[in-house]
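Engineer: This is upload_3.txt (compact mmCIF, C-alpha atoms and all ligand atoms).
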# COMPACT_ATOMS: atom_id res chain seq x y z
CA MET A 86 -30.33 -13.98 -9.69
CA ILE A 87 -27.01 -15.71 -10.41
CA THR A 88 -24.05 -13.33 -10.89
CA PRO A 89 -22.56 -14.08 -14.33
CA LEU A 90 -19.21 -15.82 -14.11
CA ILE A 91 -16.60 -14.98 -16.75
CA ALA A 92 -13.55 -17.24 -16.63
CA ALA A 93 -10.32 -17.05 -18.63
CA ASN A 94 -8.63 -20.35 -19.45
CA TRP A 95 -5.16 -19.44 -20.66
CA LYS A 96 -4.25 -23.08 -21.36
CA MET A 97 -0.49 -23.47 -22.07
CA ASN A 98 0.12 -19.77 -22.70
CA LYS A 99 1.88 -16.86 -20.96
CA THR A 100 5.10 -16.54 -18.99
CA VAL A 101 5.07 -15.43 -15.36
CA GLY A 102 5.78 -11.85 -16.43
CA GLU A 103 2.96 -11.81 -18.98
CA SER A 104 0.52 -13.37 -16.52
CA VAL A 105 1.37 -10.90 -13.76
CA ARG A 106 1.06 -7.88 -16.06
CA PHE A 107 -2.33 -9.11 -17.30
CA ALA A 108 -3.54 -9.66 -13.73
CA GLN A 109 -2.35 -6.18 -12.69
CA GLN A 110 -4.29 -4.59 -15.56
CA LEU A 111 -7.43 -6.51 -14.65
CA VAL A 112 -7.16 -5.58 -10.99
CA ALA A 113 -6.64 -1.91 -11.88
CA GLU A 114 -9.79 -1.90 -13.97
CA PHE A 115 -12.11 -4.26 -12.10
CA ALA A 116 -11.19 -3.76 -8.44
CA GLU A 117 -14.64 -2.29 -7.70
CA PHE A 118 -16.63 -4.21 -10.31
CA THR A 119 -19.17 -6.58 -8.81
CA GLU A 120 -21.51 -7.17 -11.77
CA ARG A 121 -19.55 -10.27 -12.81
CA GLU A 122 -17.56 -12.89 -11.01
CA ILE A 123 -14.20 -12.86 -12.82
CA VAL A 124 -11.90 -15.89 -12.71
CA ILE A 125 -8.51 -16.34 -14.38
CA ALA A 126 -6.77 -19.68 -14.90
CA PRO A 127 -3.07 -19.13 -15.68
CA PRO A 128 -0.65 -22.04 -16.22
CA PHE A 129 0.69 -23.67 -13.04
CA THR A 130 4.01 -21.77 -13.16
CA ALA A 131 2.22 -18.43 -12.88
CA LEU A 132 -0.37 -19.32 -10.21
CA TYR A 133 1.56 -18.17 -7.18
CA PRO A 134 2.77 -14.81 -8.53
CA VAL A 135 -0.70 -14.09 -9.94
CA ALA A 136 -2.23 -14.99 -6.56
CA GLN A 137 -0.11 -12.22 -5.01
CA VAL A 138 -1.52 -9.69 -7.49
CA LEU A 139 -5.13 -10.79 -6.97
CA GLN A 140 -4.99 -10.66 -3.16
CA GLU A 141 -7.54 -8.16 -1.81
CA SER A 142 -9.18 -7.98 -5.26
CA PRO A 143 -12.56 -9.49 -6.21
CA ILE A 144 -10.91 -11.46 -9.05
CA HIS A 145 -10.56 -15.16 -8.40
CA LEU A 146 -7.76 -17.55 -9.28
CA SER A 147 -8.22 -20.96 -10.91
CA ALA A 148 -5.92 -23.83 -11.79
CA GLN A 149 -6.40 -25.75 -15.04
CA ASN A 150 -6.09 -29.24 -13.55
CA VAL A 151 -5.56 -31.07 -10.25
CA HIS A 152 -4.79 -34.58 -9.04
CA TRP A 153 -7.34 -36.54 -7.02
CA ASN A 154 -4.91 -37.56 -4.28
CA GLU A 155 -3.76 -35.39 -1.42
CA LYS A 156 -0.08 -36.20 -1.79
CA GLY A 157 2.33 -38.96 -2.70
CA ALA A 158 4.40 -40.43 -5.49
CA TYR A 159 2.67 -38.85 -8.50
CA THR A 160 5.49 -37.24 -10.47
CA GLY A 161 4.41 -34.12 -12.28
CA GLU A 162 1.06 -33.76 -10.52
CA ILE A 163 -0.36 -31.01 -8.29
CA SER A 164 -2.67 -31.74 -5.34
CA PRO A 165 -5.75 -29.77 -4.25
CA GLY A 166 -4.03 -28.89 -0.95
CA MET A 167 -1.21 -27.27 -2.93
CA LEU A 168 -3.77 -25.14 -4.78
CA VAL A 169 -5.40 -24.05 -1.52
CA ASP A 170 -1.95 -23.26 -0.11
CA ILE A 171 -1.37 -20.56 -2.73
CA GLY A 172 -4.89 -19.11 -2.64
CA CYS A 173 -6.45 -20.86 -5.60
CA GLU A 174 -10.25 -21.01 -5.26
CA TYR A 175 -11.26 -22.70 -8.53
CA VAL A 176 -9.99 -25.53 -10.68
CA ILE A 177 -10.97 -26.53 -14.22
CA ILE A 178 -11.68 -30.27 -14.30
CA GLY A 179 -12.38 -32.52 -17.27
CA HIS A 180 -11.59 -30.04 -20.02
CA SER A 181 -12.00 -31.70 -23.43
CA GLU A 182 -8.27 -31.25 -24.11
CA ARG A 183 -7.53 -33.26 -20.96
CA ARG A 184 -10.07 -35.89 -22.02
CA THR A 185 -8.88 -36.26 -25.62
CA LEU A 186 -5.14 -35.47 -25.45
CA PHE A 187 -4.37 -36.91 -22.01
CA GLY A 188 -6.88 -39.75 -21.79
CA GLU A 189 -8.89 -38.52 -18.78
CA LYS A 190 -11.95 -40.63 -18.19
CA ASP A 191 -15.26 -39.75 -16.54
CA ASP A 192 -14.17 -41.74 -13.51
CA ASP A 193 -10.91 -39.77 -13.10
CA ILE A 194 -12.89 -36.56 -13.44
CA ASN A 195 -15.32 -37.73 -10.77
CA ARG A 196 -12.44 -38.38 -8.36
CA LYS A 197 -10.93 -34.96 -9.08
CA ILE A 198 -14.27 -33.21 -8.45
CA SER A 199 -14.73 -35.08 -5.21
CA THR A 200 -11.26 -34.22 -3.84
CA ALA A 201 -11.45 -30.60 -4.98
CA LEU A 202 -14.72 -30.20 -3.05
CA THR A 203 -13.17 -31.76 0.04
CA PHE A 204 -10.50 -29.06 -0.10
CA ASP A 205 -13.05 -26.31 -0.77
CA VAL A 206 -11.74 -25.63 -4.25
CA THR A 207 -14.64 -24.96 -6.64
CA PRO A 208 -14.59 -27.29 -9.65
CA ILE A 209 -15.33 -25.83 -13.09
CA PHE A 210 -16.52 -29.15 -14.48
CA CYS A 211 -16.32 -29.29 -18.29
CA ILE A 212 -18.51 -31.41 -20.52
CA GLY A 213 -19.45 -31.34 -24.18
CA GLU A 214 -19.93 -33.43 -27.29
CA THR A 215 -17.59 -33.92 -30.25
CA LEU A 216 -18.62 -33.03 -33.79
CA ASP A 217 -19.25 -36.72 -34.58
CA GLU A 218 -21.51 -37.02 -31.56
CA ARG A 219 -23.47 -33.92 -32.59
CA ILE A 220 -23.90 -35.18 -36.15
CA ALA A 221 -25.09 -38.53 -34.77
CA HIS A 222 -27.66 -36.69 -32.57
CA LYS A 223 -25.85 -37.83 -29.42
CA THR A 224 -25.41 -34.35 -27.88
CA PHE A 225 -27.82 -35.00 -25.01
CA ASP A 226 -26.64 -38.60 -24.47
CA THR A 227 -23.06 -37.37 -24.10
CA ALA A 228 -24.08 -34.61 -21.69
CA ASN A 229 -26.12 -37.12 -19.71
CA ARG A 230 -23.25 -39.61 -19.42
CA GLN A 231 -20.60 -37.03 -18.59
CA ILE A 232 -22.78 -35.35 -15.94
CA LYS A 233 -24.00 -38.59 -14.33
CA GLU A 234 -20.53 -40.16 -14.20
CA GLY A 235 -18.70 -36.95 -13.34
CA LEU A 236 -21.06 -36.22 -10.44
CA ASN A 237 -21.47 -39.82 -9.30
CA ASN A 238 -21.72 -40.01 -5.48
CA ILE A 239 -21.23 -36.27 -5.02
CA PRO A 240 -23.63 -35.20 -2.24
CA SER A 241 -26.52 -32.96 -3.32
CA ASP A 242 -25.38 -30.19 -1.00
CA ASP A 243 -22.05 -30.01 -2.83
CA ILE A 244 -23.53 -29.81 -6.34
CA LYS A 245 -24.53 -26.17 -5.88
CA ARG A 246 -20.87 -25.26 -5.36
CA ILE A 247 -19.83 -26.72 -8.70
CA VAL A 248 -19.71 -24.69 -11.91
CA ILE A 249 -20.66 -26.75 -14.97
CA ALA A 250 -19.06 -25.60 -18.23
CA TYR A 251 -20.74 -26.76 -21.43
CA GLU A 252 -18.03 -26.68 -24.08
CA PRO A 253 -18.97 -28.39 -27.35
CA VAL A 254 -15.66 -29.78 -28.60
CA TRP A 255 -16.40 -28.69 -32.18
CA ALA A 256 -16.61 -25.06 -31.03
CA ILE A 257 -13.32 -24.95 -29.09
CA GLY A 258 -10.61 -22.94 -30.82
CA THR A 259 -12.39 -23.30 -34.16
CA GLY A 260 -14.15 -19.93 -34.40
CA LYS A 261 -17.45 -21.89 -34.68
CA THR A 262 -19.52 -20.86 -31.69
CA ALA A 263 -22.72 -22.66 -30.95
CA THR A 264 -25.57 -20.26 -31.64
CA ALA A 265 -27.16 -18.86 -28.51
CA GLU A 266 -30.16 -21.13 -29.16
CA GLN A 267 -28.01 -24.26 -29.66
CA ALA A 268 -26.15 -23.53 -26.43
CA GLU A 269 -29.34 -22.73 -24.49
CA GLU A 270 -30.93 -26.02 -25.58
CA VAL A 271 -28.10 -27.99 -23.99
CA HIS A 272 -27.86 -25.73 -20.93
CA ARG A 273 -31.58 -26.21 -20.31
CA TYR A 274 -31.15 -29.97 -20.65
CA ILE A 275 -28.27 -29.93 -18.14
CA ARG A 276 -30.28 -27.86 -15.66
CA GLU A 277 -33.26 -30.22 -15.94
CA LEU A 278 -30.93 -33.16 -15.38
CA ILE A 279 -29.56 -31.53 -12.22
CA VAL A 280 -33.10 -30.75 -11.02
CA ASP A 281 -34.13 -34.39 -11.58
CA SER A 282 -31.03 -35.83 -9.93
CA PHE A 283 -30.38 -33.37 -7.10
CA GLY A 284 -33.58 -31.40 -6.55
CA GLU A 285 -35.22 -28.19 -7.67
CA ASP A 286 -33.26 -25.77 -5.51
CA THR A 287 -29.87 -27.19 -6.54
CA GLY A 288 -30.81 -27.29 -10.23
CA LYS A 289 -32.10 -23.72 -10.25
CA ASN A 290 -28.98 -22.38 -8.56
CA VAL A 291 -26.16 -24.35 -10.15
CA ARG A 292 -24.05 -22.18 -12.46
CA ILE A 293 -23.85 -23.45 -16.04
CA ILE A 294 -21.42 -21.52 -18.23
CA TYR A 295 -20.69 -21.81 -21.95
CA GLY A 296 -17.30 -22.22 -23.65
CA GLY A 297 -16.22 -22.49 -27.28
CA SER A 298 -15.03 -19.53 -29.40
CA VAL A 299 -16.63 -16.96 -27.10
CA ASN A 300 -15.65 -13.40 -28.01
CA GLY A 301 -16.78 -9.83 -27.53
CA ASP A 302 -19.22 -10.09 -30.43
CA ASN A 303 -21.09 -13.25 -29.47
CA ILE A 304 -21.09 -13.02 -25.66
CA GLY A 305 -24.05 -10.62 -25.53
CA GLY A 306 -26.34 -13.00 -27.42
CA LEU A 307 -25.26 -15.99 -25.35
CA MET A 308 -25.90 -14.14 -22.11
CA THR A 309 -29.49 -13.28 -23.05
CA GLN A 310 -30.35 -16.97 -22.66
CA PRO A 311 -31.98 -17.90 -19.36
CA ASP A 312 -29.83 -20.94 -18.61
CA ILE A 313 -26.44 -19.49 -19.59
CA ASN A 314 -24.78 -18.08 -16.48
CA GLY A 315 -21.41 -17.09 -17.87
CA ALA A 316 -18.54 -18.08 -20.13
CA LEU A 317 -15.29 -20.03 -20.11
CA VAL A 318 -13.06 -18.25 -22.59
CA GLY A 319 -9.90 -19.57 -24.24
CA GLY A 320 -8.33 -17.65 -27.14
CA ALA A 321 -10.16 -14.37 -26.58
CA SER A 322 -9.05 -14.27 -22.93
CA LEU A 323 -5.35 -14.03 -23.83
CA ASP A 324 -5.55 -10.36 -24.72
CA VAL A 325 -6.59 -7.90 -21.99
CA GLU A 326 -8.60 -5.75 -24.38
CA SER A 327 -10.66 -8.61 -25.80
CA PHE A 328 -11.18 -10.20 -22.37
CA ARG A 329 -12.32 -6.81 -21.02
CA ASN A 330 -14.91 -6.60 -23.83
CA ILE A 331 -16.26 -9.99 -22.84
CA ILE A 332 -16.45 -9.07 -19.14
CA LYS A 333 -18.29 -5.87 -20.00
CA TYR A 334 -20.64 -7.39 -22.60
P1 LIG B 1 -11.73 -21.03 -27.18
O1 LIG B 1 -12.44 -19.86 -26.52
O2 LIG B 1 -10.35 -20.69 -27.66
O3 LIG B 1 -12.59 -21.69 -28.20
O4 LIG B 1 -11.50 -22.11 -26.01
C1 LIG B 1 -12.57 -22.49 -25.22
C2 LIG B 1 -12.06 -23.31 -24.11
O5 LIG B 1 -11.58 -24.41 -24.31
C3 LIG B 1 -12.11 -22.74 -22.76
O6 LIG B 1 -11.85 -23.71 -21.80
Show me this structure written as structure tokens.
Structural biologist:
Amino acid sequence: MITPLIAANWKMNKTVGESVRFAQQLVAEFAEFTEREIVIAPPFTALYPVAQVLQESPIHLSAQNVHWNEKGAYTGEISPGMLVDIGCEYVIIGHSERRTLFGEKDDDINRKISTALTFDVTPIFCIGETLDERIAHKTFDTANRQIKEGLNNIPSDDIKRIVIAYEPVWAIGTGKTATAEQAEEVHRYIRELIVDSFGEDTGKNVRIIYGGSVNGDNIGGLMTQPDINGALVGGASLDVESFRNIIKY
């Protein structure tokens, strides 16, 4: 049985003070709660102070991006070693906003996943089709390409450590969630792809979470699906009350 993983992606929101207060409230409420694995991804400026709040708590810290090199002349970038240094255990890689707004390619994403794993930071590897691709019946082709290229040359043993987040681009920030059945169909496809490429044990155990307008009302239905192991939440994770409702679905 895979423990459901509920992750908050705050994107470019929250000051240090707001992030710390949110983290303190979560710790106060969920310090003893083991039914879910809870992850929060504040903006870079708040990572270190939030790490201090989360110390000794079961809540995990994630970054929203990372560079694929260990160090060097890469103005504005953050390396995986820097994330480890402040106690960051997860990193979101390949989010659709990074792909579409900042030009990240499958190959860049593959390099980021590879370096993150080397540093023992767990990648939350995002994939998902655009609306045009869905209309053109390319949902599975897109998932296939993004998974194959994103995980190219990653050893089988490492795949189990990765979290795959299926986030259909048309459902992000739009209020249009995929139905539980639409999401499950793609999750099942992804799991079968991982089984075929990396073996039965890896495929059965890899965590595949859903993202795209998740809220307290739709999370329950999504989580009844056998291949949905959690959620990556944007807008509804910005408010403690609504994030708490999602965690406690
Ligand atoms: P929303 O929950 O705001 O649709 O965002 C989803 C997302 O992009 C999480 O990474």
Engineer: Please, what distance in Å, to one decimal, runs between CA of His222 in chain A and CA of His272 in chain A?
Structural biologist: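 Interatomic distance, CA of His222 in chain A to CA of His272 in chain A: 16.0 Å.
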Engineer: Calculated over only C-alpha atoms, which of the candidates A:Pro253, A:Asp242, A:Val318, A:Ala131 has the smallest distance to Gly284 in chain A?
Structural biologist: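 Among A:Pro253, A:Asp242, A:Val318, A:Ala131, it is A:Asp242 that comes nearest to Gly284 in chain A.
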Engineer: Name the residues, by chain letter and number, that sit within 9 Å of ligand LIG 1 (chain B) using only C-alpha atoms and all ligand atoms, and give them as a ChimeraX atom specification.
Structural biologist: /A:92-96,149,177,180-182,211,250,252-262,295-300,316-322
Engineer: When you look at Glu266 in chain A with a cut-off of 10 Å (counting all atoms listed in the file), what residues show up, excluding the ones that are within fewer than 3 positions of it in the same chain? I need them as a list in words.
Structural biologist: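 The residues satisfying every condition are Ala263, Glu269, Glu270, Val271, His272, Gly306, Leu307, Thr309 and Gln310 of chain A.
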Engineer: Of the candidates A:Leu90, A:Ile198, A:Ile209, A:Ala126, which shows the shortest atom-to-atom distance to Lys333 in chain A, using all atoms listed in the file?
Structural biologist: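 Between A:Leu90, A:Ile198, A:Ile209, A:Ala126, the residue approaching Lys333 in chain A most closely is A:Leu90.
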Engineer: Expressed in Å to a single decimal, how great is the separation between CA of Ala108 in chain A and CA of Pro134 in chain A?
Structural biologist: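 Interatomic distance, CA of Ala108 in chain A to CA of Pro134 in chain A: 9.7 Å.
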